[in-house]
Structures are given as C-alpha cells and as structure tokens.
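Student: A single structure is presented below for examination.
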Amino acid sequence: MRHTLSVLVENQPGVLTRVAGLFARRGYNIESLAVGQTHDPSVSCMTIVAGGDDLVIEQVVNQLDKLIDVIEIRDITQVKYVDRELMLLKVKAEASMRGEIMQIVDIFRARIVDIGQETLTIECTGDAGKAQAIEKSLKPFGILELARTGKIAMVRGPKYGDV
C-alpha cells in the first residue's frame, strides 16, 4: 500500500540527506519526495510517498521521529487531504495538429507555457490521475520530454498540528 507522509523539518542543510538516507539504509523505496519551505522560513515540509505495509511505515515513522531535525511527522494516508503534482510535457506539434492538442489541453485545464516551431510545452497541475490521463491523451502526438514533481499534500481543515 502507498502511504503519504507529511514531515515538518528544520530548514537546515543536510536534513533531506538524513531523511532519504534513513529510507535507503533500511531498504525502503521512496516513490515520491517533494520539499519546500513553509510560511515559517525556519521550517520546511516534506511530502513523502512510500510503499509498504502498515508495520513497515510505522517503523519508518518512528525512526524519522528520532532524527533531531524532524519537528513533526504524520502518516496522512487515512485522513482527508488535498494533493497536487506539477507536470511539464513537451509534445511534437506540427501546425496541422496544434488545434487538436490545444483542445486536449483545454479539457484538462492545463496550459501551454512554450511554443516552439515543432513543439508545444504544456503545464498540468492536479492529482496523479489527472497527470496520467493527460499523458495518455497526448502520447499519440509524440511526447518528447516529460518532467513531473512529486506529490505535495496538505491536510484539510485545521492547521497541520491541530488534527
């Protein structure tokens, strides 16, 4: 099962290395990792998606909680949260095909962020399902490049520590 962990950490050099190293030393795979500063410049939020059964994830959470730079860690898999990913796709786009590609982009509420002579670069924001769906829809045109962020997530309702 995939688990989504939300980890508040001190915004210090080396924290990401220590967190990722803990996963690596234990042989756990990180499927997705996104890190960014919060509204407090001294704190960063990591959203980690990792596979494993409940016992494995519980062990990881307990071990992460022992790291000195970790302020708070929660497995938010079972609570209501909002999540998003960002994806950039560069697609072959001959002049005759651009109209059709633009219709697909509109359907997914994505945006064209760059126009080349033979390419379009598209930005899509949404959940993983939306990213997979637009990728599948644009594949027949020829995807030349694809870059995707990891999931970022935020618990719905009260602020992080109040739930």
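Ligands are numbered from 1 in the order shown, chains are lettered A, B, ... in the order of the structure tokens, and residues start at 1 in each chain.
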Could you list, as a ChimeraX atom specification, every residue within 7 Å of segment 35-46 of chain A, counting only C-alpha atoms and ignoring same-chain residues fewer than 4 positions away?

Tutor: /A:6-11

Student: Within 7 Å of segment 119-125 of chain A, counting only C-alpha atoms, which residues qualify if same-chain residues fewer than 4 places away don't, as a compact mmCIF listing (two decimals) with C-alpha atoms, in the first residue's frame?

Tutor:
```
# COMPACT_ATOMS: atom_id res chain seq x y z
CA ARG A 84 -1.23 18.14 -6.26
CA GLU A 85 1.54 17.37 -8.70
CA LEU A 86 3.01 19.51 -11.47
CA MET A 87 3.91 18.02 -14.83
CA LEU A 88 5.60 19.58 -17.85
CA LEU A 89 5.26 17.79 -21.19
CA LYS A 90 6.95 18.69 -24.45
CA VAL A 91 4.90 17.33 -27.35
CA LYS A 92 5.55 17.17 -31.08
CA ALA A 93 3.16 19.70 -32.59
CA ALA A 110 -3.76 22.66 -18.43
CA ARG A 111 -1.74 25.49 -20.01
CA ILE A 112 0.61 25.86 -22.92
CA VAL A 113 3.71 27.53 -21.48
CA ASP A 114 6.01 27.48 -24.52
CA ILE A 115 5.53 27.30 -28.27
CA ALA A 131 -1.38 13.69 -14.80
```

Student: Take atom CA of Met102 of chain A and atom CA of Thr149 of chain A and report the distance between them in Å, one decimal.

Tutor: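 Rounded to one decimal, the two atoms are 22.7 Å apart.
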
Student: Using DSSP on the backbone coordinates, identify the residues of segment 3-162 of chain A assigned to strand (DSSP E); present them as a PDB file with N, CA and C atoms, in the first residue's frame.

Tutor:
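And here is the file that came out, part21.pdb:
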```
ATOM      1  N   HIS A   3       1.728   4.951   1.148  1.00  0.00           N
ATOM      2  CA  HIS A   3       1.466   5.834   2.277  1.00  0.00           C
ATOM      3  C   HIS A   3       2.002   7.215   1.954  1.00  0.00           C
ATOM      4  N   THR A   4       1.266   8.236   2.383  1.00  0.00           N
ATOM      5  CA  THR A   4       1.705   9.615   2.231  1.00  0.00           C
ATOM      6  C   THR A   4       2.087  10.137   3.602  1.00  0.00           C
ATOM      7  N   LEU A   5       3.355  10.536   3.726  1.00  0.00           N
ATOM      8  CA  LEU A   5       3.862  11.068   4.988  1.00  0.00           C
ATOM      9  C   LEU A   5       4.081  12.559   4.835  1.00  0.00           C
ATOM     10  N   SER A   6       3.623  13.307   5.809  1.00  0.00           N
ATOM     11  CA  SER A   6       3.866  14.746   5.852  1.00  0.00           C
ATOM     12  C   SER A   6       4.822  14.991   7.007  1.00  0.00           C
ATOM     13  N   VAL A   7       5.977  15.560   6.692  1.00  0.00           N
ATOM     14  CA  VAL A   7       7.044  15.701   7.681  1.00  0.00           C
ATOM     15  C   VAL A   7       7.470  17.165   7.764  1.00  0.00           C
ATOM     16  N   LEU A   8       7.328  17.757   8.943  1.00  0.00           N
ATOM     17  CA  LEU A   8       7.843  19.101   9.178  1.00  0.00           C
ATOM     18  C   LEU A   8       9.250  18.963   9.734  1.00  0.00           C
ATOM     19  N   VAL A   9      10.196  19.669   9.104  1.00  0.00           N
ATOM     20  CA  VAL A   9      11.603  19.571   9.495  1.00  0.00           C
ATOM     21  C   VAL A   9      12.196  20.969   9.626  1.00  0.00           C
ATOM     22  N   GLU A  10      13.298  21.047  10.371  1.00  0.00           N
ATOM     23  CA  GLU A  10      14.056  22.287  10.445  1.00  0.00           C
ATOM     24  C   GLU A  10      14.619  22.561   9.057  1.00  0.00           C
ATOM     25  N   ILE A  30      11.451   5.266  -1.729  1.00  0.00           N
ATOM     26  CA  ILE A  30      10.644   6.487  -1.781  1.00  0.00           C
ATOM     27  C   ILE A  30      10.123   6.602  -3.200  1.00  0.00           C
ATOM     28  N   GLU A  31       8.800   6.597  -3.347  1.00  0.00           N
ATOM     29  CA  GLU A  31       8.203   6.722  -4.676  1.00  0.00           C
ATOM     30  C   GLU A  31       8.145   8.172  -5.130  1.00  0.00           C
ATOM     31  N   SER A  32       7.966   9.081  -4.178  1.00  0.00           N
ATOM     32  CA  SER A  32       7.855  10.497  -4.485  1.00  0.00           C
ATOM     33  C   SER A  32       8.315  11.286  -3.274  1.00  0.00           C
ATOM     34  N   LEU A  33       9.025  12.385  -3.536  1.00  0.00           N
ATOM     35  CA  LEU A  33       9.518  13.236  -2.456  1.00  0.00           C
ATOM     36  C   LEU A  33       9.494  14.676  -2.935  1.00  0.00           C
ATOM     37  N   ALA A  34       8.800  15.525  -2.202  1.00  0.00           N
ATOM     38  CA  ALA A  34       8.762  16.954  -2.507  1.00  0.00           C
ATOM     39  C   ALA A  34       9.048  17.710  -1.215  1.00  0.00           C
ATOM     40  N   VAL A  35       9.892  18.731  -1.313  1.00  0.00           N
ATOM     41  CA  VAL A  35      10.280  19.506  -0.146  1.00  0.00           C
ATOM     42  C   VAL A  35      10.171  20.981  -0.473  1.00  0.00           C
ATOM     43  N   GLY A  36       9.636  21.735   0.463  1.00  0.00           N
ATOM     44  CA  GLY A  36       9.570  23.182   0.280  1.00  0.00           C
ATOM     45  C   GLY A  36       9.427  23.892   1.605  1.00  0.00           C
ATOM     46  N   GLN A  37       9.871  25.111   1.614  1.00  0.00           N
ATOM     47  CA  GLN A  37       9.774  25.953   2.797  1.00  0.00           C
ATOM     48  C   GLN A  37       8.309  26.259   3.100  1.00  0.00           C
ATOM     49  N   VAL A  43      11.248  26.460   8.791  1.00  0.00           N
ATOM     50  CA  VAL A  43      10.631  25.134   8.724  1.00  0.00           C
ATOM     51  C   VAL A  43      10.328  24.773   7.266  1.00  0.00           C
ATOM     52  N   SER A  44      10.629  23.540   6.899  1.00  0.00           N
ATOM     53  CA  SER A  44      10.263  23.006   5.584  1.00  0.00           C
ATOM     54  C   SER A  44       9.286  21.854   5.778  1.00  0.00           C
ATOM     55  N   CYS A  45       8.475  21.621   4.754  1.00  0.00           N
ATOM     56  CA  CYS A  45       7.548  20.490   4.770  1.00  0.00           C
ATOM     57  C   CYS A  45       7.973  19.516   3.680  1.00  0.00           C
ATOM     58  N   MET A  46       8.125  18.260   4.067  1.00  0.00           N
ATOM     59  CA  MET A  46       8.418  17.188   3.122  1.00  0.00           C
ATOM     60  C   MET A  46       7.155  16.357   2.949  1.00  0.00           C
ATOM     61  N   THR A  47       6.811  16.083   1.716  1.00  0.00           N
ATOM     62  CA  THR A  47       5.746  15.134   1.440  1.00  0.00           C
ATOM     63  C   THR A  47       6.422  13.925   0.813  1.00  0.00           C
ATOM     64  N   ILE A  48       6.318  12.796   1.503  1.00  0.00           N
ATOM     65  CA  ILE A  48       6.982  11.574   1.069  1.00  0.00           C
ATOM     66  C   ILE A  48       5.925  10.523   0.768  1.00  0.00           C
ATOM     67  N   VAL A  49       5.994   9.935  -0.405  1.00  0.00           N
ATOM     68  CA  VAL A  49       5.118   8.823  -0.746  1.00  0.00           C
ATOM     69  C   VAL A  49       5.999   7.581  -0.792  1.00  0.00           C
ATOM     70  N   ALA A  50       5.636   6.599   0.021  1.00  0.00           N
ATOM     71  CA  ALA A  50       6.425   5.371   0.113  1.00  0.00           C
ATOM     72  C   ALA A  50       5.495   4.173   0.146  1.00  0.00           C
ATOM     73  N   GLY A  51       5.954   3.086  -0.441  1.00  0.00           N
ATOM     74  CA  GLY A  51       5.183   1.854  -0.422  1.00  0.00           C
ATOM     75  C   GLY A  51       5.565   1.010   0.775  1.00  0.00           C
ATOM     76  N   VAL A  70      13.730  16.615  12.738  1.00  0.00           N
ATOM     77  CA  VAL A  70      12.311  16.376  12.469  1.00  0.00           C
ATOM     78  C   VAL A  70      11.478  16.997  13.585  1.00  0.00           C
ATOM     79  N   ILE A  71      10.575  17.890  13.200  1.00  0.00           N
ATOM     80  CA  ILE A  71       9.697  18.569  14.165  1.00  0.00           C
ATOM     81  C   ILE A  71       8.441  17.746  14.400  1.00  0.00           C
ATOM     82  N   GLU A  72       7.845  17.286  13.309  1.00  0.00           N
ATOM     83  CA  GLU A  72       6.604  16.510  13.411  1.00  0.00           C
ATOM     84  C   GLU A  72       6.469  15.650  12.163  1.00  0.00           C
ATOM     85  N   ILE A  73       5.957  14.458  12.344  1.00  0.00           N
ATOM     86  CA  ILE A  73       5.737  13.549  11.216  1.00  0.00           C
ATOM     87  C   ILE A  73       4.375  12.900  11.373  1.00  0.00           C
ATOM     88  N   ARG A  74       3.654  12.816  10.250  1.00  0.00           N
ATOM     89  CA  ARG A  74       2.333  12.180  10.271  1.00  0.00           C
ATOM     90  C   ARG A  74       2.132  11.358   9.011  1.00  0.00           C
ATOM     91  N   ASP A  75       1.550  10.200   9.182  1.00  0.00           N
ATOM     92  CA  ASP A  75       1.085   9.406   8.052  1.00  0.00           C
ATOM     93  C   ASP A  75      -0.329   9.901   7.786  1.00  0.00           C
ATOM     94  N   TYR A  81      -7.068  14.857   2.777  1.00  0.00           N
ATOM     95  CA  TYR A  81      -6.059  15.838   2.412  1.00  0.00           C
ATOM     96  C   TYR A  81      -6.224  16.221   0.949  1.00  0.00           C
ATOM     97  N   VAL A  82      -5.619  17.348   0.603  1.00  0.00           N
ATOM     98  CA  VAL A  82      -5.583  17.829  -0.765  1.00  0.00           C
ATOM     99  C   VAL A  82      -4.175  17.583  -1.271  1.00  0.00           C
ATOM    100  N   ASP A  83      -4.056  17.054  -2.492  1.00  0.00           N
ATOM    101  CA  ASP A  83      -2.723  16.837  -3.046  1.00  0.00           C
ATOM    102  C   ASP A  83      -2.665  17.321  -4.483  1.00  0.00           C
ATOM    103  N   ARG A  84      -1.465  17.680  -4.897  1.00  0.00           N
ATOM    104  CA  ARG A  84      -1.232  18.142  -6.258  1.00  0.00           C
ATOM    105  C   ARG A  84       0.147  17.714  -6.720  1.00  0.00           C
ATOM    106  N   GLU A  85       0.271  17.583  -8.043  1.00  0.00           N
ATOM    107  CA  GLU A  85       1.545  17.372  -8.705  1.00  0.00           C
ATOM    108  C   GLU A  85       1.608  18.361  -9.863  1.00  0.00           C
ATOM    109  N   LEU A  86       2.801  18.665 -10.294  1.00  0.00           N
ATOM    110  CA  LEU A  86       3.010  19.507 -11.466  1.00  0.00           C
ATOM    111  C   LEU A  86       3.735  18.663 -12.500  1.00  0.00           C
ATOM    112  N   MET A  87       3.270  18.764 -13.745  1.00  0.00           N
ATOM    113  CA  MET A  87       3.911  18.021 -14.827  1.00  0.00           C
ATOM    114  C   MET A  87       4.125  18.958 -16.005  1.00  0.00           C
ATOM    115  N   LEU A  88       5.302  18.887 -16.596  1.00  0.00           N
ATOM    116  CA  LEU A  88       5.596  19.578 -17.849  1.00  0.00           C
ATOM    117  C   LEU A  88       5.787  18.525 -18.926  1.00  0.00           C
ATOM    118  N   LEU A  89       5.129  18.717 -20.063  1.00  0.00           N
ATOM    119  CA  LEU A  89       5.264  17.791 -21.193  1.00  0.00           C
ATOM    120  C   LEU A  89       5.643  18.584 -22.430  1.00  0.00           C
ATOM    121  N   LYS A  90       6.630  18.109 -23.156  1.00  0.00           N
ATOM    122  CA  LYS A  90       6.947  18.688 -24.451  1.00  0.00           C
ATOM    123  C   LYS A  90       6.461  17.702 -25.496  1.00  0.00           C
ATOM    124  N   VAL A  91       5.582  18.193 -26.380  1.00  0.00           N
ATOM    125  CA  VAL A  91       4.904  17.335 -27.351  1.00  0.00           C
ATOM    126  C   VAL A  91       5.229  17.804 -28.763  1.00  0.00           C
ATOM    127  N   LYS A  92       5.422  16.827 -29.661  1.00  0.00           N
ATOM    128  CA  LYS A  92       5.548  17.168 -31.082  1.00  0.00           C
ATOM    129  C   LYS A  92       4.253  17.851 -31.496  1.00  0.00           C
ATOM    130  N   ARG A 111      -2.150  24.266 -19.322  1.00  0.00           N
ATOM    131  CA  ARG A 111      -1.743  25.489 -20.011  1.00  0.00           C
ATOM    132  C   ARG A 111      -0.571  25.210 -20.931  1.00  0.00           C
ATOM    133  N   ILE A 112      -0.552  25.897 -22.047  1.00  0.00           N
ATOM    134  CA  ILE A 112       0.610  25.858 -22.921  1.00  0.00           C
ATOM    135  C   ILE A 112       1.545  26.954 -22.428  1.00  0.00           C
ATOM    136  N   VAL A 113       2.775  26.564 -22.059  1.00  0.00           N
ATOM    137  CA  VAL A 113       3.714  27.530 -21.483  1.00  0.00           C
ATOM    138  C   VAL A 113       4.851  27.883 -22.432  1.00  0.00           C
ATOM    139  N   ASP A 114       4.983  27.145 -23.546  1.00  0.00           N
ATOM    140  CA  ASP A 114       6.007  27.479 -24.524  1.00  0.00           C
ATOM    141  C   ASP A 114       5.592  26.913 -25.869  1.00  0.00           C
ATOM    142  N   ILE A 115       5.838  27.724 -26.909  1.00  0.00           N
ATOM    143  CA  ILE A 115       5.532  27.297 -28.271  1.00  0.00           C
ATOM    144  C   ILE A 115       6.817  27.341 -29.070  1.00  0.00           C
ATOM    145  N   THR A 119       7.101  22.152 -31.577  1.00  0.00           N
ATOM    146  CA  THR A 119       6.737  21.595 -30.265  1.00  0.00           C
ATOM    147  C   THR A 119       5.827  22.539 -29.491  1.00  0.00           C
ATOM    148  N   LEU A 120       5.113  21.951 -28.536  1.00  0.00           N
ATOM    149  CA  LEU A 120       4.374  22.707 -27.523  1.00  0.00           C
ATOM    150  C   LEU A 120       4.802  22.157 -26.166  1.00  0.00           C
ATOM    151  N   THR A 121       5.017  23.040 -25.215  1.00  0.00           N
ATOM    152  CA  THR A 121       5.306  22.613 -23.852  1.00  0.00           C
ATOM    153  C   THR A 121       4.082  22.934 -23.014  1.00  0.00           C
ATOM    154  N   ILE A 122       3.603  21.929 -22.302  1.00  0.00           N
ATOM    155  CA  ILE A 122       2.338  22.009 -21.574  1.00  0.00           C
ATOM    156  C   ILE A 122       2.582  21.826 -20.093  1.00  0.00           C
ATOM    157  N   GLU A 123       1.915  22.648 -19.292  1.00  0.00           N
ATOM    158  CA  GLU A 123       1.964  22.550 -17.834  1.00  0.00           C
ATOM    159  C   GLU A 123       0.620  22.013 -17.360  1.00  0.00           C
ATOM    160  N   CYS A 124       0.658  20.988 -16.546  1.00  0.00           N
ATOM    161  CA  CYS A 124      -0.560  20.396 -15.987  1.00  0.00           C
ATOM    162  C   CYS A 124      -0.392  20.259 -14.480  1.00  0.00           C
ATOM    163  N   THR A 125      -1.371  20.743 -13.742  1.00  0.00           N
ATOM    164  CA  THR A 125      -1.364  20.638 -12.285  1.00  0.00           C
ATOM    165  C   THR A 125      -2.607  19.882 -11.856  1.00  0.00           C
ATOM    166  N   GLY A 126      -2.433  18.929 -10.948  1.00  0.00           N
ATOM    167  CA  GLY A 126      -3.580  18.170 -10.450  1.00  0.00           C
ATOM    168  C   GLY A 126      -3.107  16.953  -9.691  1.00  0.00           C
ATOM    169  N   ILE A 143       5.322  12.376 -27.236  1.00  0.00           N
ATOM    170  CA  ILE A 143       5.878  13.108 -26.094  1.00  0.00           C
ATOM    171  C   ILE A 143       7.397  13.049 -26.215  1.00  0.00           C
ATOM    172  N   LEU A 144       8.018  14.215 -26.297  1.00  0.00           N
ATOM    173  CA  LEU A 144       9.466  14.312 -26.456  1.00  0.00           C
ATOM    174  C   LEU A 144      10.183  14.365 -25.111  1.00  0.00           C
ATOM    175  N   GLU A 145       9.569  15.038 -24.155  1.00  0.00           N
ATOM    176  CA  GLU A 145      10.127  15.145 -22.803  1.00  0.00           C
ATOM    177  C   GLU A 145       8.982  15.213 -21.814  1.00  0.00           C
ATOM    178  N   LEU A 146       9.262  14.739 -20.605  1.00  0.00           N
ATOM    179  CA  LEU A 146       8.272  14.809 -19.538  1.00  0.00           C
ATOM    180  C   LEU A 146       9.025  14.987 -18.219  1.00  0.00           C
ATOM    181  N   ALA A 147       8.597  15.960 -17.432  1.00  0.00           N
ATOM    182  CA  ALA A 147       9.156  16.165 -16.098  1.00  0.00           C
ATOM    183  C   ALA A 147       7.978  16.295 -15.137  1.00  0.00           C
ATOM    184  N   ARG A 148       8.111  15.634 -13.989  1.00  0.00           N
ATOM    185  CA  ARG A 148       6.994  15.592 -13.052  1.00  0.00           C
ATOM    186  C   ARG A 148       7.515  15.781 -11.637  1.00  0.00           C
ATOM    187  N   ILE A 152       2.669  16.951  -3.489  1.00  0.00           N
ATOM    188  CA  ILE A 152       2.636  17.767  -2.293  1.00  0.00           C
ATOM    189  C   ILE A 152       1.239  17.621  -1.726  1.00  0.00           C
ATOM    190  N   ALA A 153       1.125  17.651  -0.420  1.00  0.00           N
ATOM    191  CA  ALA A 153      -0.173  17.398   0.205  1.00  0.00           C
ATOM    192  C   ALA A 153      -0.339  18.262   1.440  1.00  0.00           C
ATOM    193  N   MET A 154      -1.606  18.566   1.746  1.00  0.00           N
ATOM    194  CA  MET A 154      -1.950  19.329   2.932  1.00  0.00           C
ATOM    195  C   MET A 154      -3.250  18.768   3.489  1.00  0.00           C
ATOM    196  N   VAL A 155      -3.257  18.516   4.794  1.00  0.00           N
ATOM    197  CA  VAL A 155      -4.457  18.011   5.459  1.00  0.00           C
ATOM    198  C   VAL A 155      -5.560  19.057   5.357  1.00  0.00           C
TER     199      VAL A 155
END
```
